[in-house]
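Just below is one structure, and these are the notes that go with it.
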Amino acid sequence: MKSFIKTITVALCALFLSSCAIIRGYRADGLNGPNIFSFEHCEHDTIAKGDQSFQFPVATNKPEWLDTLHFYNEAQRCVNMTFEEAIKDASKTQGVLIIHNDSIVYEKYWGDFSANRLATIFSVSKSITSLLCGIAVDEGYIESIDDPVTKYLPELKKEDPRWERLTIRHLLNMESGLDFDDEYEFNIKELKTVNAIARLNYGHNIMGQIKGLKFRCEPGTEFRYESMTTAILGVVIERATGIHYADYLSEKVWKPLQMESVALINIDSRKHHVAHAFGGITCTLKDLAKIGRLYLNLGVWNGKRIVSEEWIHLTTDFNPKLCYHYSWYDVRYENFRTGPYPGFYALGICNQVLYVNPYKNLIMVRIGLSNNGPVIPAVFETLSNRWIE
């Protein structure tokens, strides 16, 4: 009887703590959940920039056909729309940037958004965390992406034997086997699932939550997109390097890429200091585009090697069976209509998009407030297919 009472008590306490996370989320962001400006009331670290800044030049000859190009694709919810209509109206776009041949050919902002305003890029952060992982591998902090996570988080060994079979590669490819879902729509049936994602976003102890995770299947046997795997990857990177996420990102990416503005990364709390590597980076549109430029140039920035060419090739070597790869998406992920020269992209909720097409030398970035309207990566892919030199 005592054992039963203890079990019930522990379960009720866990539910109460999780509910506290839901309440914190509601107080912070309301019923609609987080938005690109939610960082303003979150605990965060600063990702410092260097003394020098790189600025994309504005193209002398902008493609005038961009203003008259029409989209006709019901599957992508673009029917007889101009590019601006497809990118802006229903989806509450705040800013769009297109860079071709290293020059800005299209740049527009709406409302009170501007080129210098910071915005949270949500799960685009996962792709940047993947980049940091590649750098940590290059520098020898991580010996191999086939290392088990318990090599860096040994305290997990006693929780479940499957932790010792969970590798960094599994984390990168969303094949962790963990019993976790990204469920943001509140309903009673999914209360446990909503509690878990709320706790990840609004809780104060991510590592404590990680220790309590269960597995639904063997690692490496099933793909399921969820944010907890990248949260764990962020902790692995911090443990391997011995450096806080923000500081490592600053030294290895933000300063070398000559970012124009500081960036931010949400953390769970000052006490535990674990970064939201899964979705907490906040930056400007143009600085995000520089991540795309780094991938276009196979890991080199203005003559300096930032990440190995091998890592870029590993990341972007997609196949139809694995269209989410090393925390980036292949355009075939959502069965988009692709041309002979497909691109790849990073994606966050509310359609934050960083799209890269190395064949056309294109980088496209979109920051917005809503998932409504056309699928932005599909719009970018269609535009890329029809790009007129």
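For the structure tokens, the naming scheme is as follows: chains receive sequential letters (A, B, ...) according to their order of presentation, residues are indexed from 1 within each chain, and ligands are indexed from 1 in presentation order.
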Fewer than 4 positions away in the same chain doesn't count, so skip those; otherwise give me all residues within 7 Å of Gly134 in chain A, counting only C-alpha atoms, as a compact mmCIF listing (two decimals) with C-alpha atoms, in the first residue's frame.
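Result went into part25.txt, see below:
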```txt
# COMPACT_ATOMS: atom_id res chain seq x y z
CA SER A 130 24.25 20.60 -36.03
CA ASP A 138 36.57 18.73 -36.33
CA VAL A 307 33.81 23.60 -40.51
CA TRP A 311 30.73 17.78 -42.58
```
task = Write out as a ChimeraX atom specification each polymer residue whose atoms come within 9 Å of range 219-233 of chain A, counting only C-alpha atoms; drop sequence neighbours fewer than 6 positions from it.
result = /A:123,126,129-130,133,149,162-163,165-178,180-182,197,200,206-207,210,274-279,322,324,327
I need the residues from that last selection saved to file as an mmCIF file, in the first residue's frame (with C-alpha atoms), if you can.
```
data_model
loop_
_atom_site.group_PDB
_atom_site.id
_atom_site.type_symbol
_atom_site.label_atom_id
_atom_site.label_comp_id
_atom_site.auth_asym_id
_atom_site.auth_seq_id
_atom_site.Cartn_x
_atom_site.Cartn_y
_atom_site.Cartn_z
ATOM 1 C CA SER A 123 13.877 25.088 -34.791
ATOM 2 C CA LYS A 126 18.595 22.811 -34.606
ATOM 3 C CA THR A 129 23.385 23.168 -33.358
ATOM 4 C CA SER A 130 24.252 20.600 -36.034
ATOM 5 C CA CYS A 133 28.426 19.585 -33.560
ATOM 6 C CA VAL A 149 25.677 9.926 -25.579
ATOM 7 C CA ARG A 162 19.236 1.980 -24.238
ATOM 8 C CA TRP A 163 20.977 5.254 -23.382
ATOM 9 C CA ARG A 165 23.003 2.532 -27.525
ATOM 10 C CA LEU A 166 21.818 6.052 -28.344
ATOM 11 C CA THR A 167 24.444 7.800 -30.481
ATOM 12 C CA ILE A 168 25.058 11.364 -31.547
ATOM 13 C CA ARG A 169 24.182 10.338 -35.105
ATOM 14 C CA HIS A 170 20.769 9.224 -33.868
ATOM 15 C CA LEU A 171 20.270 12.657 -32.317
ATOM 16 C CA LEU A 172 21.259 14.447 -35.515
ATOM 17 C CA ASN A 173 18.847 12.370 -37.586
ATOM 18 C CA MET A 174 15.897 12.313 -35.147
ATOM 19 C CA GLU A 175 16.149 8.572 -34.574
ATOM 20 C CA SER A 176 16.514 8.625 -30.799
ATOM 21 C CA GLY A 177 13.644 6.272 -29.982
ATOM 22 C CA LEU A 178 12.687 8.522 -27.072
ATOM 23 C CA PHE A 180 8.650 12.480 -26.643
ATOM 24 C CA ASP A 181 6.499 14.516 -29.039
ATOM 25 C CA ASP A 182 6.352 18.145 -30.136
ATOM 26 C CA ILE A 197 7.016 20.134 -24.443
ATOM 27 C CA LEU A 200 11.164 21.754 -22.201
ATOM 28 C CA ILE A 206 16.311 20.474 -18.789
ATOM 29 C CA MET A 207 18.857 17.945 -17.556
ATOM 30 C CA ILE A 210 16.256 14.338 -19.693
ATOM 31 C CA VAL A 274 21.397 24.544 -20.209
ATOM 32 C CA ALA A 275 20.871 26.182 -23.604
ATOM 33 C CA HIS A 276 17.720 25.757 -25.689
ATOM 34 C CA ALA A 277 19.772 24.263 -28.510
ATOM 35 C CA PHE A 278 16.559 22.918 -30.030
ATOM 36 C CA GLY A 279 14.857 26.244 -30.706
ATOM 37 C CA LEU A 322 16.054 10.194 -45.195
ATOM 38 C CA TYR A 324 15.737 15.070 -42.630
ATOM 39 C CA SER A 327 19.167 18.515 -38.624
#
```
task = From range 197-237 of chain A, collect each residue whose DSSP state is alpha helix (DSSP H) and return the set as a PyMOL selection string.
result = chain A and resi 197-202+206-211+228-237
Mind writing the picked residues with N, CA and C atoms as a PDB file, in the first residue's frame?
```pdb
ATOM      1  N   ILE A 197       6.436  19.093 -23.586  1.00  0.00           N
ATOM      2  CA  ILE A 197       7.016  20.134 -24.443  1.00  0.00           C
ATOM      3  C   ILE A 197       6.987  21.487 -23.747  1.00  0.00           C
ATOM      4  N   ALA A 198       5.960  21.731 -22.914  1.00  0.00           N
ATOM      5  CA  ALA A 198       5.915  22.968 -22.144  1.00  0.00           C
ATOM      6  C   ALA A 198       7.059  23.022 -21.141  1.00  0.00           C
ATOM      7  N   ARG A 199       7.325  21.892 -20.527  1.00  0.00           N
ATOM      8  CA  ARG A 199       8.425  21.839 -19.562  1.00  0.00           C
ATOM      9  C   ARG A 199       9.764  22.073 -20.247  1.00  0.00           C
ATOM     10  N   LEU A 200       9.920  21.533 -21.464  1.00  0.00           N
ATOM     11  CA  LEU A 200      11.164  21.754 -22.201  1.00  0.00           C
ATOM     12  C   LEU A 200      11.354  23.231 -22.521  1.00  0.00           C
ATOM     13  N   ASN A 201      10.266  23.898 -22.905  1.00  0.00           N
ATOM     14  CA  ASN A 201      10.350  25.298 -23.300  1.00  0.00           C
ATOM     15  C   ASN A 201      10.348  26.273 -22.136  1.00  0.00           C
ATOM     16  N   TYR A 202       9.608  25.919 -21.069  1.00  0.00           N
ATOM     17  CA  TYR A 202       9.423  26.872 -19.970  1.00  0.00           C
ATOM     18  C   TYR A 202       9.941  26.376 -18.623  1.00  0.00           C
ATOM     19  N   ILE A 206      16.394  21.378 -17.644  1.00  0.00           N
ATOM     20  CA  ILE A 206      16.311  20.474 -18.789  1.00  0.00           C
ATOM     21  C   ILE A 206      17.001  19.145 -18.496  1.00  0.00           C
ATOM     22  N   MET A 207      18.146  19.188 -17.834  1.00  0.00           N
ATOM     23  CA  MET A 207      18.857  17.945 -17.556  1.00  0.00           C
ATOM     24  C   MET A 207      18.043  17.040 -16.642  1.00  0.00           C
ATOM     25  N   GLY A 208      17.326  17.626 -15.704  1.00  0.00           N
ATOM     26  CA  GLY A 208      16.444  16.836 -14.856  1.00  0.00           C
ATOM     27  C   GLY A 208      15.351  16.167 -15.663  1.00  0.00           C
ATOM     28  N   GLN A 209      14.827  16.878 -16.662  1.00  0.00           N
ATOM     29  CA  GLN A 209      13.803  16.297 -17.530  1.00  0.00           C
ATOM     30  C   GLN A 209      14.387  15.180 -18.378  1.00  0.00           C
ATOM     31  N   ILE A 210      15.606  15.365 -18.875  1.00  0.00           N
ATOM     32  CA  ILE A 210      16.256  14.338 -19.693  1.00  0.00           C
ATOM     33  C   ILE A 210      16.403  13.033 -18.906  1.00  0.00           C
ATOM     34  N   LYS A 211      16.802  13.143 -17.650  1.00  0.00           N
ATOM     35  CA  LYS A 211      17.005  11.952 -16.826  1.00  0.00           C
ATOM     36  C   LYS A 211      15.713  11.152 -16.635  1.00  0.00           C
ATOM     37  N   MET A 228      13.396  17.214 -28.180  1.00  0.00           N
ATOM     38  CA  MET A 228      14.225  16.744 -27.081  1.00  0.00           C
ATOM     39  C   MET A 228      15.562  16.201 -27.552  1.00  0.00           C
ATOM     40  N   THR A 229      15.588  15.550 -28.726  1.00  0.00           N
ATOM     41  CA  THR A 229      16.850  14.988 -29.200  1.00  0.00           C
ATOM     42  C   THR A 229      17.905  16.080 -29.397  1.00  0.00           C
ATOM     43  N   THR A 230      17.508  17.229 -29.928  1.00  0.00           N
ATOM     44  CA  THR A 230      18.475  18.311 -30.127  1.00  0.00           C
ATOM     45  C   THR A 230      18.819  18.988 -28.806  1.00  0.00           C
ATOM     46  N   ALA A 231      17.884  18.989 -27.864  1.00  0.00           N
ATOM     47  CA  ALA A 231      18.198  19.490 -26.520  1.00  0.00           C
ATOM     48  C   ALA A 231      19.338  18.662 -25.924  1.00  0.00           C
ATOM     49  N   ILE A 232      19.255  17.341 -26.094  1.00  0.00           N
ATOM     50  CA  ILE A 232      20.305  16.450 -25.601  1.00  0.00           C
ATOM     51  C   ILE A 232      21.609  16.696 -26.349  1.00  0.00           C
ATOM     52  N   LEU A 233      21.517  16.890 -27.669  1.00  0.00           N
ATOM     53  CA  LEU A 233      22.714  17.167 -28.469  1.00  0.00           C
ATOM     54  C   LEU A 233      23.410  18.433 -27.969  1.00  0.00           C
ATOM     55  N   GLY A 234      22.630  19.451 -27.620  1.00  0.00           N
ATOM     56  CA  GLY A 234      23.224  20.676 -27.088  1.00  0.00           C
ATOM     57  C   GLY A 234      23.996  20.426 -25.803  1.00  0.00           C
ATOM     58  N   VAL A 235      23.443  19.593 -24.925  1.00  0.00           N
ATOM     59  CA  VAL A 235      24.135  19.260 -23.678  1.00  0.00           C
ATOM     60  C   VAL A 235      25.411  18.479 -23.970  1.00  0.00           C
ATOM     61  N   VAL A 236      25.339  17.544 -24.927  1.00  0.00           N
ATOM     62  CA  VAL A 236      26.524  16.771 -25.312  1.00  0.00           C
ATOM     63  C   VAL A 236      27.637  17.710 -25.780  1.00  0.00           C
ATOM     64  N   ILE A 237      27.301  18.682 -26.607  1.00  0.00           N
ATOM     65  CA  ILE A 237      28.305  19.629 -27.118  1.00  0.00           C
ATOM     66  C   ILE A 237      28.916  20.425 -25.970  1.00  0.00           C
TER      67      ILE A 237
END
```
ask   = Looking only at the backbone, which of the residues in range 246-292 of chain A does DSSP tag as strand (DSSP E or B), as a count of residues only?
value = 9
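Atom pair CA of Thr82 in chain A / CA of Arg332 in chain A has a distance of 23.5 Å (rounded to one decimal).
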ask   = Neighbours of Ala48 in chain A within 9 Å (only C-alpha atoms; same-chain residues fewer than 3 positions away dropped), as an NGL selection string?
value = :A and (246-247 or 249-251 or 254-255 or 261-264)
message = Applying 7 Å and only C-alpha atoms, which residues near Asn351 in chain A remain after dropping the ones on its own chain fewer than 4 positions away? List them as a ChimeraX atom specification.
response = /A:347,368,370-371,376
ask   = Can you tell me how far CA of Lys157 in chain A sits from CA of Ile128 in chain A, in Å to one decimal?
value =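 Separation of CA of Lys157 in chain A and CA of Ile128 in chain A: 27.7 Å.
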query = Which value, in Å to one decimal, gives the distance between CA of Arg366 in chain A and CA of Ile98 in chain A?
reply =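 We find that CA of Arg366 in chain A and CA of Ile98 in chain A lie 9.0 Å from each other.
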task = Find, counting only C-alpha atoms, the residue in A:Asp45, A:Asp102, A:Val137, A:Pro34 that gets nearest to Leu294 in chain A.
result = A:Asp102
